[in-house]
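The structure appears below as structure tokens.
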Amino acid sequence: MSFKHLQIDAPKPWPHNAWYQAAWIHELNDTPIARMFLDEPVVLFRGKAGEAYALEDRCCHRATPLHLGEVVDGGLQCGYHGLVFDGAGKCVEIPGQDTIPPQAQVRSYPVVEQQEIVWIWMGDPALADDRLIIDFPYLDDHENHPHGHGLLEIDCNHMLLVDNLMDLTHIPYIHKKTIGGGDQKGQVNATMDVTKKDTGVHYIRWMENIVPPPTYRKAADWGDNVMVDRWQEFEYVAPASVLQWTGALECGRGAKQNRFQEGGFSARVWHTATPRTETSCFYFWAATNSFLPKDKAATEKLHSEVAKTFDEDIAFLEQQQACLSANPDRASVDIKHDVARKPARATLERMIRAEAEALATAAE
Amino acid sequence: MSFKHLQIDAPKPWPHNAWYQAAWIHELNDTPIARMFLDEPVVLFRGKAGEAYALEDRCCHRATPLHLGEVVDGGLQCGYHGLVFDGAGKCVEIPGQDTIPPQAQVRSYPVVEQQEIVWIWMGDPALADDRLIIDFPYLDDHENHPHGHGLLEIDCNHMLLVDNLMDLTHIPYIHKKTIGGGDQKGQVNATMDVTKKDTGVHYIRWMENIVPPPTYRKAADWGDNVMVDRWQEFEYVAPASVLQWTGALECGRGAKQNRFQEGGFSARVWHTATPRTETSCFYFWAATNSFLPKDKAATEKLHSEVAKTFDEDIAFLEQQQACLSANPDRASVDIKHDVARKPARATLERMIRAEAEALATAAE
Amino acid sequence: MSFKHLQIDAPKPWPHNAWYQAAWIHELNDTPIARMFLDEPVVLFRGKAGEAYALEDRCCHRATPLHLGEVVDGGLQCGYHGLVFDGAGKCVEIPGQDTIPPQAQVRSYPVVEQQEIVWIWMGDPALADDRLIIDFPYLDDHENHPHGHGLLEIDCNHMLLVDNLMDLTHIPYIHKKTIGGGDQKGQVNATMDVTKKDTGVHYIRWMENIVPPPTYRKAADWGDNVMVDRWQEFEYVAPASVLQWTGALECGRGAKQNRFQEGGFSARVWHTATPRTETSCFYFWAATNSFLPKDKAATEKLHSEVAKTFDEDIAFLEQQQACLSANPDRASVDIKHDVARKPARATLERMIRAEAEALATAAE
């Protein structure tokens with residue numbers, strides 16, 4: 001399957017040669033799922049033997065979506081005239097016809113299942129290298145890091161979600177009724193240590209000697225007067241993922257020197273925002289209970305608290321997108337807190353540019 | 001009324017100089033009906049004497065839809081400022097004004113009522129020839145061919161519906177729970193005899209010595225072991241109609257030599273898909289009970305069974321249209337079963353091209 | 001704040017340098033209101049001291065709508081990252097940042113509160129002159145002219161509403177079940193005295209010796225046989241307002257010589273249609289009970305009767321707009337009753353042209 005359908009002269013705000021999260025592994029079964037990624041309609045399903053596949057969601061015969069069909073021996077059968085496509089997108093059966101023309105095939109996308117995530121490669125299959133997939137070992141370590149996860153469809157460009165995570169000074173405003181409650185000034189004035197990387201941006205914020213937010217206090221069973229050293233460590237990995245480690249230890253335990261201590265509060269959070277269209281995305285997230293892993297109720301409580309927070313974000317992000325779409329060329333003013341957001345954006349743009357140049361070179 | 005509003009340089013996927021079904025005759029009365037045909041807003045109504053009319057649904061004064069008005073002596077009165085238009089579209093009254101300017105008129109469309117169908121001519125009225133109207137004598141023969149009918153608005157190009165009827169191998173897939181149940185292979189492997197005609201395509205499919213579908217069995221009161229010779233005869237008449245005769249006789253009665261025998265199962269089905277826009281149409285259909293014409297319950301049962309089938313089609317057709325609209329230029333692969341569909345499409349394109357050429361010649 | 005964002009080469013169907021009604025004064029409080037005027041998103045709010053402001057509804061930092069934020073000391077705070085903007089649109093606080101870049105500001109619009117109306121100036125603030133605001137002293141004279149008012153969002157160009165009010169022969173048709181009941185001919189044949197003005201059009205219609213409509217009869221407590229002299233005085237003031245005085249006196253009292261007499265029926269009606277987009281507007285209206293000002297029930301009854309009338313208009317106006325949008329270039333035919341409507345349109349076009357010329361000159 002070639003990569004020729006991509007148009008050099010119609011740039012999209014995402015790279016194609018990259019792994020994107022397509023689903024959570026438990027979502028896939030023998031009922032086909034329709035999902036659009038990077039403006040392309042995709043159907044996800046498991047074959048009879050349980051293996052995961054991703055095909056173009058459009059029959060090559062009469063353009064019917066294949067997700068209306070069903071999984072049969074040999075692949076996915078179109079629900080209109082019965083053509084069957086195998087996991088590579090090749091038509092392997094045309095009912096009532098003996099020979100199958102070679103052009104009877106649909107696009108297929110490389111798929112990898114790893115650490116509870118189904119990854120899809122939307123670009124040139126020849127470049128799909130499993131070693132490029134992000135390692136986030138917490139999601140399948142159910143003993144030490146039990147988690148809850150979610151999937152939200154948001155009507156905004158996927159980078160608005162990344163922007164959101166790259167500037168946490170929004171927390172005391174958007175989330176003032178939830179995780180942003182308490183010491184507003186202290187949160188805004190956290191120290192911020194940013195490191196640019198080839199693959200994105202890493203930062204760590206420290207709030208030393210601060211009142212812990214209610215969520216943390218309950219989780220760690222801290223008394224009213226306990227003060228903590230709190231950190232928020234984030235890494236954006238282009239094009240679409242953000243890896244988070246959030247935690248706090250009582251003051252005096254030397255958190256800044258060593259965060260790997262028993263007790264306190266600790267959560268690993270997975271975020272990825274797979275582009276659906278230029279103004280919509282799939283937001284996959286998961287939050288681990290890394291502080292009381294044996295406590296199921298704590299895991300569930302953490303999950304529901306985090307879910308609530310994301311609902312607050314969505315309301316803003318969708319209206320922000322509407323504002324941007326109405327006046328796409330209007331300038332914006334950067335502030336000090338854009339210190340991680342800007343290099344994150346720059347990484348993505350670099351990646352898009354490199355891909356466009358490679359395509360242009362190949363076309364010469 | 002001239003035909004000059006048609007633009008030579010903006011071709012539409014339909015001919016204008018053709019009769020299209022506008023309504024069932026019983027739909028029309030003195031309450032105006034708004035209906036868009038071929039991208040043009042039309043108002044249908046009966047005058048005080050009961051005669052059917054079709055006018056442009058837009059007052060020439062201030063562009064108010066005329067269907068908001070009411071039928072009065074002399075024609076249709078605009079509900080905004082009271083202008084009255086006769087059946088030819090000429091303004092015959094302007095309240096409070098003595099003289100009526102000659103340009104005060106709206107487009108009118110030739111209308112013919114025949115065999116329970118209201119036909120409309122959307123093109124040059126000078127070319128509207130009643131003799132071009134399709135003859136389907138079953139619809140007004142209530143004694144021998146009682147029928148039930150329907151009207152559906154479908155969000156697809158009208159030819160997707162014609163395509164559907166030109167390739168019946170979809171039946172064992174889309175309709176596998178209804179009329180396509182039973183012998184899937186036998187249905188797919190029916191013989192197919194196709195004849196191209198100037199006005200469209202005719203084909204007949206035979207399934208000899210086959211288990212009859214449940215609908216037929218019940219209708220004909222056949223026992224469990226009866227095997228039948230079954231036929232499906234279809235004719236596409238451009239631009240928008242499909243005439244169907246479906247039936248079966250017990251094996252040994254020589255159905256293939258003579259289908260005009262008493263007993264068995266027999267239904268005449270009328271299909272027409274009048275374009276509304278390029279991606280929507282009005283689907284008019286009717287199915288006659290030609291096997292037990294005196295049995296009202298059988299007529300009703302047939303009607304409800306056929307209606308169910310069309311609901312199954314609509315789900316596919318609308319998603320197919322969405323897929324096509326998203327990527328209109330993507331190539332498709334033809335298969336053996338497109339043998340009637342392709343010449344049907346070719347007839348329509350020939351008709352559109354001929355009309356465009358005639359317009360171009362007239363414009364020179 | 002400059003006027004430079006306006007594009008000379010993309011004309012809009014409205015002038016910018018004009019006062020438009022933005023709200024009723026009682027609508028504004030410390031909960032921000034989002035409202036689009038002339039295609040621009042605006043947020044309206046009162047500062048802590050109660051003063052009214054109008055800002056661009058888009059934060060200059062990350063394009064979040066400001067109406068999602070809240071009123072704080074000093075201005076309106078963005079709900080995303082906490083930036084605060086004063087009533088002039090200047091950013092006066094960036095949480096966690098000491099200096100504020102001068103380009104950190106949003107557009108602000110002059111606002112004036114007068115006679116219960118909040119007026120906004122969407123054009124060049126340097127030209128915003130309070131003396132240009134329409135004087136309609138009845139709205140804040142609650143003793144002699146108590147009123148009820150309303151606000152409707154209508155999906156039509158604002159001038160369709162003005163057209164409607166400039167040709168009252170629509171009343172016996174659209175409103176035949178309400179205010180247009182009774183003597184249809186008499187209403188259509190009213191005398192019409194039209195005066196063109198620099199700022200718009202004035203007209204007065206007289207219906208002498210006519211049966212009063214039921215609304216009037218009840219209001220004035222007239223017996224069955226009372227005949228009246230009835231007037232409808234309207235003035236369109238460009239770009240968007242219509243001032244109305246409607247009334248009737250018993251025949252013989254010399255209404256035509258002197259309408260300022262006790263008794264009879266009399267109502268002052270305020271209409272303004274502020275453009276939202278090219279095909280939608282905010283319709284603000286108010287109707288005074290100037291006949292029995294001490295009678296609260298009469299004021300309420302008048303309000304509900306007038307409200308009902310406008311619902312009848314909206315159904316027509318929105319469908320008229322749909323018809324126009326579908327075929328914007330189709331010609332229309334004027335009739336005698338367009339005598340006030342046409343100069344009203346001409347005034348608006350003159351105003352738009354003058355503004356375009358001034359912009360072009362300034363750009364040279």
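Within each chain, counting starts at residue 1; across the structure tokens, chains are named A, B, ... in the order shown, with ligands numbered 1 upward in that order.
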Show me, as a short mmCIF file (atom, residue, chain, number, x, y, z; two decimals) with all heavy atoms, in the first residue's frame, the residues that have an atom within 7 Å of stretch 115-130 of chain A when counting only C-alpha atoms, minus same-chain residues fewer than 3 positions from it.
```cif
data_model
loop_
_atom_site.label_atom_id
_atom_site.label_comp_id
_atom_site.auth_asym_id
_atom_site.auth_seq_id
_atom_site.Cartn_x
_atom_site.Cartn_y
_atom_site.Cartn_z
N SER A 2 0.72 2.08 -0.97
CA SER A 2 1.63 3.23 -1.07
C SER A 2 1.12 4.42 -0.30
O SER A 2 0.02 4.44 0.25
CB SER A 2 1.85 3.62 -2.52
OG SER A 2 0.96 4.66 -2.85
N PHE A 3 1.95 5.44 -0.29
CA PHE A 3 1.69 6.64 0.49
C PHE A 3 1.33 7.77 -0.47
O PHE A 3 1.31 8.93 -0.12
CB PHE A 3 2.99 6.94 1.24
CG PHE A 3 2.87 7.91 2.35
CD1 PHE A 3 1.87 7.78 3.31
CD2 PHE A 3 3.76 8.97 2.47
CE1 PHE A 3 1.76 8.69 4.35
CE2 PHE A 3 3.65 9.88 3.50
CZ PHE A 3 2.65 9.75 4.44
N HIS A 16 1.99 12.39 9.10
CA HIS A 16 1.35 11.09 8.85
C HIS A 16 2.24 9.95 9.32
O HIS A 16 1.74 8.91 9.76
CB HIS A 16 1.04 10.93 7.36
CG HIS A 16 -0.05 11.82 6.89
ND1 HIS A 16 0.14 13.15 6.59
CD2 HIS A 16 -1.37 11.59 6.70
CE1 HIS A 16 -1.00 13.69 6.23
NE2 HIS A 16 -1.94 12.77 6.28
N ASN A 17 3.54 10.14 9.19
CA ASN A 17 4.47 9.09 9.56
C ASN A 17 4.71 9.12 11.07
O ASN A 17 5.74 9.62 11.55
CB ASN A 17 5.77 9.25 8.78
CG ASN A 17 5.58 8.87 7.32
OD1 ASN A 17 4.85 7.93 7.01
ND2 ASN A 17 6.21 9.61 6.43
N ALA A 18 3.77 8.60 11.80
CA ALA A 18 3.84 8.61 13.26
C ALA A 18 2.82 7.61 13.77
O ALA A 18 1.85 7.28 13.09
CB ALA A 18 3.53 10.00 13.80
N TRP A 19 3.08 7.12 14.98
CA TRP A 19 2.11 6.25 15.63
C TRP A 19 1.11 7.11 16.41
O TRP A 19 1.50 8.02 17.13
CB TRP A 19 2.81 5.30 16.62
CG TRP A 19 3.67 4.28 15.93
CD1 TRP A 19 5.03 4.30 15.83
CD2 TRP A 19 3.23 3.09 15.26
NE1 TRP A 19 5.47 3.21 15.12
CE2 TRP A 19 4.38 2.43 14.76
CE3 TRP A 19 1.98 2.52 15.03
CZ2 TRP A 19 4.32 1.24 14.06
CZ3 TRP A 19 1.92 1.33 14.32
CH2 TRP A 19 3.07 0.70 13.84
N TYR A 20 -0.15 6.79 16.24
CA TYR A 20 -1.22 7.47 16.97
C TYR A 20 -2.04 6.42 17.71
O TYR A 20 -2.22 5.31 17.21
CB TYR A 20 -2.15 8.22 16.01
CG TYR A 20 -1.55 9.44 15.35
CD1 TYR A 20 -0.98 9.37 14.08
CD2 TYR A 20 -1.56 10.67 16.00
CE1 TYR A 20 -0.43 10.50 13.47
CE2 TYR A 20 -1.03 11.81 15.40
CZ TYR A 20 -0.45 11.71 14.14
OH TYR A 20 0.08 12.83 13.55
N GLN A 21 -2.57 6.80 18.86
CA GLN A 21 -3.46 5.85 19.53
C GLN A 21 -4.77 5.78 18.76
O GLN A 21 -5.42 6.80 18.49
CB GLN A 21 -3.72 6.26 20.99
CG GLN A 21 -4.61 5.24 21.71
CD GLN A 21 -4.59 5.35 23.22
OE1 GLN A 21 -3.88 6.17 23.79
NE2 GLN A 21 -5.37 4.51 23.88
N ALA A 22 -5.19 4.56 18.43
CA ALA A 22 -6.44 4.35 17.67
C ALA A 22 -7.57 3.92 18.59
O ALA A 22 -8.74 4.20 18.33
CB ALA A 22 -6.24 3.29 16.61
N ALA A 23 -7.20 3.23 19.69
CA ALA A 23 -8.23 2.68 20.58
C ALA A 23 -7.56 2.15 21.83
O ALA A 23 -6.33 2.05 21.91
CB ALA A 23 -8.98 1.55 19.88
N TRP A 24 -8.36 1.80 22.82
CA TRP A 24 -7.91 0.98 23.93
C TRP A 24 -8.08 -0.47 23.50
O TRP A 24 -9.06 -0.78 22.80
CB TRP A 24 -8.74 1.26 25.19
CG TRP A 24 -8.52 2.63 25.76
CD1 TRP A 24 -9.40 3.66 25.74
CD2 TRP A 24 -7.33 3.11 26.40
NE1 TRP A 24 -8.84 4.76 26.33
CE2 TRP A 24 -7.57 4.47 26.75
CE3 TRP A 24 -6.09 2.55 26.71
CZ2 TRP A 24 -6.62 5.26 27.39
CZ3 TRP A 24 -5.14 3.34 27.35
CH2 TRP A 24 -5.41 4.67 27.69
N ILE A 25 -7.18 -1.33 23.91
CA ILE A 25 -7.25 -2.70 23.37
C ILE A 25 -8.59 -3.38 23.63
O ILE A 25 -9.08 -4.14 22.82
CB ILE A 25 -6.10 -3.62 23.88
CG1 ILE A 25 -6.03 -3.64 25.39
CG2 ILE A 25 -4.77 -3.22 23.28
CD1 ILE A 25 -5.12 -4.77 25.91
N TYR A 109 -3.80 -0.14 7.33
CA TYR A 109 -2.90 0.65 8.17
C TYR A 109 -2.21 -0.27 9.17
O TYR A 109 -2.89 -1.08 9.83
CB TYR A 109 -3.68 1.71 8.94
CG TYR A 109 -4.43 2.67 8.05
CD1 TYR A 109 -5.76 2.41 7.70
CD2 TYR A 109 -3.83 3.83 7.56
CE1 TYR A 109 -6.46 3.29 6.88
CE2 TYR A 109 -4.53 4.71 6.74
CZ TYR A 109 -5.85 4.43 6.40
OH TYR A 109 -6.54 5.29 5.59
N PRO A 110 -0.88 -0.15 9.33
CA PRO A 110 -0.20 -0.94 10.35
C PRO A 110 -0.79 -0.66 11.73
O PRO A 110 -1.11 0.50 12.06
CB PRO A 110 1.25 -0.46 10.27
CG PRO A 110 1.41 0.04 8.86
CD PRO A 110 0.07 0.64 8.53
N VAL A 111 -0.92 -1.72 12.51
CA VAL A 111 -1.51 -1.64 13.84
C VAL A 111 -0.63 -2.41 14.81
O VAL A 111 -0.15 -3.50 14.47
CB VAL A 111 -2.94 -2.23 13.81
CG1 VAL A 111 -3.42 -2.60 15.19
CG2 VAL A 111 -3.92 -1.26 13.14
N VAL A 112 -0.39 -1.86 15.99
CA VAL A 112 0.37 -2.56 17.02
C VAL A 112 -0.36 -2.42 18.35
O VAL A 112 -0.85 -1.34 18.69
CB VAL A 112 1.80 -1.96 17.18
CG1 VAL A 112 2.51 -2.54 18.40
CG2 VAL A 112 2.63 -2.21 15.92
N ILE A 133 7.35 3.50 19.08
CA ILE A 133 6.18 3.60 19.95
C ILE A 133 6.60 3.99 21.37
O ILE A 133 7.59 3.48 21.90
CB ILE A 133 5.40 2.27 19.95
CG1 ILE A 133 4.77 2.07 18.57
CG2 ILE A 133 4.35 2.24 21.04
CD1 ILE A 133 4.08 0.73 18.40
N PRO A 137 5.14 2.11 30.78
CA PRO A 137 4.97 0.75 31.34
C PRO A 137 3.94 0.66 32.46
O PRO A 137 3.65 -0.43 32.93
CB PRO A 137 6.38 0.41 31.84
CG PRO A 137 7.02 1.73 32.10
CD PRO A 137 6.45 2.70 31.10
N LEU A 139 0.70 1.34 32.37
CA LEU A 139 -0.66 0.96 32.00
C LEU A 139 -0.91 -0.55 32.07
O LEU A 139 -2.04 -0.97 32.31
CB LEU A 139 -1.01 1.48 30.59
CG LEU A 139 -1.09 3.01 30.47
CD1 LEU A 139 -1.54 3.41 29.07
CD2 LEU A 139 -2.02 3.60 31.51
N ASP A 140 0.13 -1.35 31.85
CA ASP A 140 -0.14 -2.79 31.99
C ASP A 140 0.50 -3.37 33.26
O ASP A 140 0.59 -4.58 33.41
CB ASP A 140 0.23 -3.58 30.73
CG ASP A 140 1.69 -3.43 30.37
OD1 ASP A 140 2.40 -2.63 31.02
OD2 ASP A 140 2.12 -4.11 29.42
#
```
Could you give me, as a ChimeraX atom specification, each residue of stretch 191-284 of chain A that DSSP assigns to strand (DSSP E or B) when run on this structure's backbone? /A:191-197,200-210,228-237,241-250,265-277,280-284
Which one is closest to chain C: B:Phe37, B:Phe284, B:Tyr80, B:Phe265? Count only C-alpha atoms. B:Tyr80
Within 10 Å of chain B: each chain C residue with its shortest pair, only C-alpha atoms, as a Markdown table:
```
| residue | atom | partner | partner_atom | distance |
| --- | --- | --- | --- | --- |
| C:Leu160 | CA | B:Arg62 | CA | 9.4 |
| C:Asp163 | CA | B:Arg62 | CA | 9.4 |
| C:Asn164 | CA | B:Tyr80 | CA | 9.2 |
| C:Asp167 | CA | B:His81 | CA | 8.7 |
| C:Leu168 | CA | B:His81 | CA | 8.7 |
| C:Thr169 | CA | B:His81 | CA | 6.0 |
| C:His170 | CA | B:His81 | CA | 4.6 |
| C:Ile171 | CA | B:His81 | CA | 8.0 |
| C:Pro172 | CA | B:His81 | CA | 8.2 |
| C:Tyr173 | CA | B:Gly79 | CA | 5.7 |
| C:Ile174 | CA | B:Tyr80 | CA | 5.6 |
| C:His175 | CA | B:Tyr80 | CA | 9.2 |
| C:Lys176 | CA | B:Gly79 | CA | 9.8 |
| C:Gln184 | CA | B:Pro95 | CA | 9.8 |
| C:Lys185 | CA | B:Gly96 | CA | 7.9 |
| C:Gly186 | CA | B:Gly96 | CA | 9.6 |
| C:Gln187 | CA | B:Gly96 | CA | 9.4 |
| C:Val188 | CA | B:Gly96 | CA | 5.8 |
| C:Asn189 | CA | B:Gly96 | CA | 5.8 |
| C:Ala190 | CA | B:Gly96 | CA | 9.1 |
| C:Asp313 | CA | B:Tyr80 | CA | 9.1 |
| C:Ala315 | CA | B:Leu68 | CA | 9.2 |
| C:Phe316 | CA | B:Thr64 | CA | 7.1 |
| C:Leu317 | CA | B:Thr64 | CA | 7.9 |
| C:Glu318 | CA | B:Thr64 | CA | 9.3 |
| C:Gln319 | CA | B:Pro65 | CA | 6.7 |
| C:Gln320 | CA | B:Thr64 | CA | 4.5 |
| C:Gln321 | CA | B:Thr64 | CA | 8.1 |
| C:Ala322 | CA | B:Thr64 | CA | 9.0 |
| C:Cys323 | CA | B:Ala63 | CA | 6.2 |
| C:Leu324 | CA | B:Ala63 | CA | 6.4 |
| C:Ala326 | CA | B:Glu40 | CA | 9.1 |
| C:Asn327 | CA | B:Ala63 | CA | 9.5 |
| C:Pro328 | CA | B:Ala63 | CA | 9.9 |
| C:Arg330 | CA | B:Ala63 | CA | 9.0 |
| C:Ala331 | CA | B:Cys60 | CA | 7.7 |
| C:Ser332 | CA | B:Cys60 | CA | 5.3 |
| C:Val333 | CA | B:His61 | CA | 4.7 |
| C:Asp334 | CA | B:His61 | CA | 5.9 |
| C:Ile335 | CA | B:His61 | CA | 7.3 |
| C:Lys336 | CA | B:Gln97 | CA | 6.6 |
| C:His337 | CA | B:Gly96 | CA | 8.2 |
| C:Asp338 | CA | B:His61 | CA | 9.6 |
```
